[in-house]
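As stored in my_file-v6.tsv (TSV, C-alpha atoms):
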```
chain	number	residue	atom	x	y	z
A	1	MET	CA	-22.38	-13.68	27.04
A	2	ALA	CA	-20.02	-11.44	25.10
A	3	GLU	CA	-21.25	-9.84	21.91
A	4	LEU	CA	-20.00	-11.88	18.95
A	5	TYR	CA	-19.96	-9.02	16.47
A	6	THR	CA	-21.15	-5.51	15.84
A	7	LYS	CA	-22.10	-3.94	12.53
A	8	ALA	CA	-20.34	-0.78	13.67
A	9	ASP	CA	-17.02	-2.56	12.94
A	10	VAL	CA	-17.88	-3.17	9.26
A	11	ARG	CA	-15.95	-0.73	7.05
A	12	VAL	CA	-16.67	0.61	3.58
A	13	TRP	CA	-13.50	2.57	2.96
A	14	ALA	CA	-14.34	3.85	-0.50
A	15	SER	CA	-17.50	5.55	0.74
A	16	GLU	CA	-15.68	8.49	2.30
A	17	GLY	CA	-12.45	8.79	0.33
A	18	GLY	CA	-8.79	8.43	1.06
A	19	ALA	CA	-5.49	8.62	-0.76
A	20	VAL	CA	-2.12	7.02	-1.34
A	21	PHE	CA	0.76	9.31	-0.40
A	22	TRP	CA	4.37	8.84	-1.63
A	23	ALA	CA	7.52	10.44	-0.24
A	24	PRO	CA	11.26	10.02	-0.71
A	25	LYS	CA	12.78	7.02	1.07
A	26	GLY	CA	13.48	7.85	4.72
A	27	THR	CA	10.70	10.44	5.14
A	28	ALA	CA	9.28	10.41	8.69
A	29	LEU	CA	6.07	8.42	9.10
A	30	PRO	CA	3.21	9.67	11.29
A	31	GLU	CA	2.82	8.29	14.80
A	32	THR	CA	-0.93	8.97	15.19
A	33	HIS	CA	-3.96	8.65	12.92
A	34	ASP	CA	-4.66	12.39	12.94
A	35	GLU	CA	-1.29	14.15	12.77
A	36	ASP	CA	-0.26	16.07	9.67
A	37	LEU	CA	1.91	14.16	7.23
A	38	ASP	CA	5.49	15.26	6.66
A	39	PRO	CA	5.59	17.88	3.86
A	40	GLY	CA	7.65	15.42	1.78
A	41	PHE	CA	4.53	13.34	1.09
A	42	SER	CA	2.60	13.90	-2.15
A	43	PRO	CA	-0.69	12.23	-3.14
A	44	VAL	CA	-0.27	9.92	-6.13
A	45	GLY	CA	-3.53	11.35	-7.49
A	46	ILE	CA	-6.88	9.92	-8.45
A	47	LEU	CA	-6.97	6.12	-8.28
A	48	SER	CA	-9.17	3.69	-10.21
A	49	GLU	CA	-12.49	2.85	-8.58
A	50	ASP	CA	-11.07	-0.19	-6.74
A	51	GLY	CA	-8.67	1.99	-4.76
A	52	PRO	CA	-5.59	0.37	-3.24
A	53	THR	CA	-5.61	-3.43	-2.97
A	54	GLU	CA	-3.58	-4.87	-0.11
A	55	GLY	CA	-2.16	-8.38	-0.40
A	56	LEU	CA	-0.56	-10.76	2.08
A	57	SER	CA	1.18	-14.01	1.22
A	58	VAL	CA	2.81	-16.32	3.77
A	59	ASP	CA	4.73	-19.29	2.37
A	60	THR	CA	5.20	-22.26	4.65
A	61	ASN	CA	7.09	-25.52	4.84
A	62	LYS	CA	4.99	-28.39	6.18
A	63	LEU	CA	7.10	-30.85	8.14
A	64	LYS	CA	5.70	-34.35	7.85
A	65	GLY	CA	5.91	-37.17	10.33
A	66	TRP	CA	5.36	-40.81	9.73
A	67	PRO	CA	2.92	-41.85	8.33
A	68	ARG	CA	2.40	-38.75	6.11
A	69	GLN	CA	0.94	-36.45	8.72
A	70	THR	CA	1.77	-32.80	9.19
A	71	VAL	CA	3.46	-32.37	12.56
A	72	ARG	CA	4.61	-28.76	12.25
A	73	VAL	CA	4.21	-25.80	9.93
A	74	GLU	CA	7.12	-23.36	9.58
A	75	PRO	CA	6.76	-20.02	7.79
A	76	THR	CA	9.47	-19.54	5.15
A	77	SER	CA	8.63	-16.08	3.77
A	78	THR	CA	6.11	-13.26	3.96
A	79	GLU	CA	5.18	-10.82	1.21
A	80	LYS	CA	3.08	-7.72	1.91
A	81	THR	CA	1.99	-5.89	-1.23
A	82	VAL	CA	-0.15	-2.93	-2.22
A	83	SER	CA	-1.47	-2.46	-5.77
A	84	PHE	CA	-3.20	0.58	-7.20
A	85	THR	CA	-3.90	2.16	-10.56
A	86	MET	CA	-3.12	5.86	-10.95
A	87	LEU	CA	-5.53	7.55	-13.36
A	88	GLN	CA	-3.78	10.91	-13.49
A	89	ASN	CA	-0.85	11.20	-15.88
A	90	THR	CA	1.64	13.16	-13.74
A	91	PRO	CA	5.40	13.24	-13.17
A	92	LEU	CA	4.91	11.22	-9.94
A	93	ALA	CA	2.90	8.58	-11.83
A	94	ALA	CA	5.67	8.44	-14.46
A	95	GLU	CA	8.29	8.05	-11.71
A	96	LEU	CA	6.45	5.14	-10.08
A	97	TYR	CA	5.45	3.42	-13.33
A	98	TRP	CA	8.39	4.03	-15.68
A	99	GLY	CA	11.14	4.84	-13.16
A	100	VAL	CA	11.47	8.32	-14.70
A	101	GLU	CA	13.92	10.45	-12.73
A	102	LYS	CA	13.08	13.84	-14.23
A	103	VAL	CA	11.04	15.54	-16.91
A	104	VAL	CA	12.99	17.84	-19.25
A	105	LYS	CA	11.98	20.78	-21.43
A	106	ALA	CA	11.45	19.99	-25.12
A	107	GLY	CA	10.67	23.18	-27.03
A	108	THR	CA	7.36	24.44	-25.69
A	109	GLY	CA	6.55	21.01	-24.20
A	110	ALA	CA	8.22	18.36	-22.10
A	111	ARG	CA	10.09	15.10	-22.71
A	112	ILE	CA	9.78	12.05	-20.47
A	113	ASP	CA	12.84	9.82	-20.90
A	114	ILE	CA	11.96	6.21	-20.12
A	115	PRO	CA	14.99	4.34	-18.77
A	116	GLU	CA	16.37	1.52	-20.90
A	117	SER	CA	16.30	-0.78	-17.87
A	118	ILE	CA	13.59	-0.01	-15.34
A	119	GLY	CA	14.52	-0.88	-11.79
A	120	VAL	CA	12.80	-0.84	-8.43
A	121	VAL	CA	11.46	2.56	-7.35
A	122	GLU	CA	11.73	3.11	-3.59
A	123	GLY	CA	9.90	5.45	-1.26
A	124	THR	CA	7.93	5.87	1.96
A	125	VAL	CA	4.18	5.29	1.71
A	126	VAL	CA	1.03	6.20	3.65
A	127	ILE	CA	-2.33	4.81	2.56
A	128	GLU	CA	-5.18	6.72	4.18
A	129	LYS	CA	-8.78	5.48	4.18
A	130	HIS	CA	-11.92	7.03	5.65
A	131	ASP	CA	-15.33	5.66	6.61
A	132	GLY	CA	-17.31	8.43	8.28
A	133	ASP	CA	-15.27	9.54	11.30
A	134	VAL	CA	-13.12	6.40	11.26
A	135	VAL	CA	-9.63	6.79	9.80
A	136	GLU	CA	-7.09	4.11	8.97
A	137	ARG	CA	-3.54	4.90	7.91
A	138	ARG	CA	-1.22	2.15	6.70
A	139	CYS	CA	2.34	3.39	7.15
A	140	ILE	CA	5.08	1.71	5.12
A	141	GLU	CA	8.66	2.67	5.91
A	142	LEU	CA	10.01	1.35	2.61
A	143	GLY	CA	7.78	0.64	-0.36
A	144	GLN	CA	9.48	-0.84	-3.41
A	145	VAL	CA	7.57	-0.66	-6.70
A	146	SER	CA	8.49	-3.98	-8.28
A	147	GLU	CA	5.68	-4.78	-10.71
A	148	ARG	CA	3.74	-2.78	-13.27
A	149	GLY	CA	0.51	-3.68	-15.04
A	150	ASP	CA	-0.45	-3.05	-18.64
A	151	GLN	CA	-1.56	0.44	-19.58
A	152	ALA	CA	-4.54	0.51	-21.92
A	153	SER	CA	-5.14	3.30	-24.43
A	154	GLY	CA	-8.76	2.55	-25.36
A	155	ASN	CA	-11.65	4.96	-25.16
A	156	GLU	CA	-13.82	3.11	-22.61
A	157	ASP	CA	-11.60	3.40	-19.54
A	158	ALA	CA	-9.09	5.94	-18.31
A	159	ALA	CA	-5.48	5.12	-19.22
A	160	GLY	CA	-4.22	4.18	-15.77
A	161	LYS	CA	-0.77	3.20	-14.61
A	162	GLU	CA	-0.99	0.11	-12.37
A	163	VAL	CA	1.82	-0.51	-9.90
A	164	THR	CA	2.44	-3.06	-7.17
A	165	LEU	CA	4.76	-2.24	-4.32
A	166	GLU	CA	6.25	-4.51	-1.71
A	167	SER	CA	6.41	-3.42	1.92
A	168	VAL	CA	9.91	-3.88	3.29
A	169	GLY	CA	10.74	-3.08	6.91
A	170	LYS	CA	8.51	-1.24	9.37
A	171	ASP	CA	4.83	-1.46	8.43
A	172	TYR	CA	1.98	-0.46	10.75
A	173	ILE	CA	-1.61	0.76	10.84
A	174	LEU	CA	-2.83	3.80	12.78
A	175	THR	CA	-6.57	4.03	13.42
A	176	ASN	CA	-9.27	5.51	15.60
A	177	ALA	CA	-11.63	2.58	14.93
A	178	PRO	CA	-13.47	1.99	18.23
A	179	ALA	CA	-12.81	-1.77	18.35
A	180	PHE	CA	-9.05	-1.19	18.15
A	181	VAL	CA	-9.00	1.83	20.48
A	182	GLU	CA	-10.88	-0.24	23.08
A	183	ALA	CA	-8.47	-3.20	22.72
A	184	ALA	CA	-5.28	-1.08	22.73
A	185	VAL	CA	-2.83	-1.45	25.60
A	186	THR	CA	-0.19	0.95	26.83
A	187	VAL	CA	3.36	-0.21	26.10
A	188	PRO	CA	5.89	0.83	28.74
```

Please express the file's structure as structure tokens.
Amino acid sequence: MAELYTKADVRVWASEGGAVFWAPKGTALPETHDEDLDPGFSPVGILSEDGPTEGLSVDTNKLKGWPRQTVRVEPTSTEKTVSFTMLQNTPLAAELYWGVEKVVKAGTGARIDIPESIGVVEGTVVIEKHDGDVVERRCIELGQVSERGDQASGNEDAAGKEVTLESVGKDYILTNAPAFVEAAVTVP
């Protein structure tokens, strides 16, 4: 009888670190789990303790037959999202959260001009997670930051900038997890 499960396949990604990397739209994505990222990628910085949260929503249309029974289910749309809260207050965090295009000198400091109308911020994304020697990289050809969360200014928690991006286009995972390496097939 085949083994039903193995504890070796249970992952605790936050135990060993990882990062979210952002690059300009069109930056080359990696093709293996261990190759160096294109120099255009920058880490978004320290994230809140939950790390990145990945979401998947598939809407369907249920076709009914008579008498009131579902005879077929057709998918109508798919949304793949990633949410994370950046704790560091950096120009990249301001770009993703506010849509800031540049930071300008203001005397001996800097000025961050927040656009009157904040649009979608686009880029290429790699989310890297580690659990011991196991690596998983989610590679998103086009990430579009479409939603922003509230930013608190209290003294109990860090003032983080929460963003949610939608994955549009090519989206894949690279890993050296034994279960997937064993199941992988060669594509001609």

Which neighbours of Leu87 in chain A fall inside 10 Å, counting all atoms listed in the file, when residues of the same chain fewer than 6 positions from it are skipped, and could you give them as an MDAnalysis selection string?
-> chainID A and resid 44:49 93 157:162

Skipping near chain neighbours, those fewer than 5 positions away, what residues fall within 12 Å of Gly119 in chain A using only C-alpha atoms, listed as a list of chain:residue names?
->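 Counting only C-alpha atoms, the residues come to A:Glu95, A:Leu96, A:Tyr97, A:Trp98, A:Gly99, A:Val100, A:Glu101, A:Ile114, A:Gln144, A:Val145, A:Ser146, A:Glu147, A:Arg148.
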
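Shortest separation to Val10 in chain A among A:Asp50, A:Glu182, A:Glu136, A:Asp131 occurs at residue A:Asp131, atoms counted being only C-alpha atoms.
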
Figure out the distance between CA of Gln151 in chain A and CA of Arg111 in chain A, please, to one decimal in Å.
->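 Spanning CA of Arg111 in chain A to CA of Gln151 in chain A is a straight-line distance of 19.0 Å.
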
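Across the model, the gap from CA of Gly109 in chain A to CA of Val20 in chain A is 28.2 Å.
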
Interatomic distance (Å, one decimal) between CA of Ile140 in chain A and CA of Asp171 in chain A =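 Value for the CA of Ile140 in chain A-CA of Asp171 in chain A distance: 4.6 Å.
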
Which one of A:Gly154, A:Val82, A:Ser42, A:Val125 sits closest to Arg137 in chain A if you count all atoms listed in the file?
->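 Smallest separation from Arg137 in chain A among the options: A:Val125.
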
Kindly list the centre and edge lengths in Å, rounded to one decimal, for the axis-aligned box that covers all listed atoms of range 94-100 of chain A plus 4 Å on each of its six sides, as JSON.
```
{"center_x": 8.5, "center_y": 5.9, "center_z": -12.9, "size_x": 14.0, "size_y": 13.0, "size_z": 13.6}
```

Which of A:Ala94, A:Val163, A:Ile112, A:Ala152 sits closest to Thr81 in chain A [using all atoms listed in the file] =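 Once distances to Thr81 in chain A are computed over all atoms listed in the file, the minimum belongs to A:Val163.
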
All residues 9 Å or closer to Gly26 in chain A, all atoms listed in the file, same chain fewer than 5 positions away omitted, as a ChimeraX atom specification = /A:123-124,141-142

Extract, using all atoms listed in the file, all DNA, RNA and protein residues at most 8 Å from Cys139 in chain A, discarding same-chain residues fewer than 5 positions from it, and format them as JSON, numbers by chain.
-> {"A": [29, 30, 125, 126, 127, 171, 172, 173, 174]}

Up to 6 Å from (6.9, -21.6, 2.4) in the file's coordinates: name the residues, counting only C-alpha atoms, as a PyMOL selection string.
-> chain A and resi 59-61+75-77

Considering all atoms listed in the file, return as a ChimeraX atom specification whatever protein or nucleic-acid residues lie within 9 Å of Pro43 in chain A, sequence-local ones (same chain, fewer than 6 positions apart) excluded.
-> /A:19-23,92
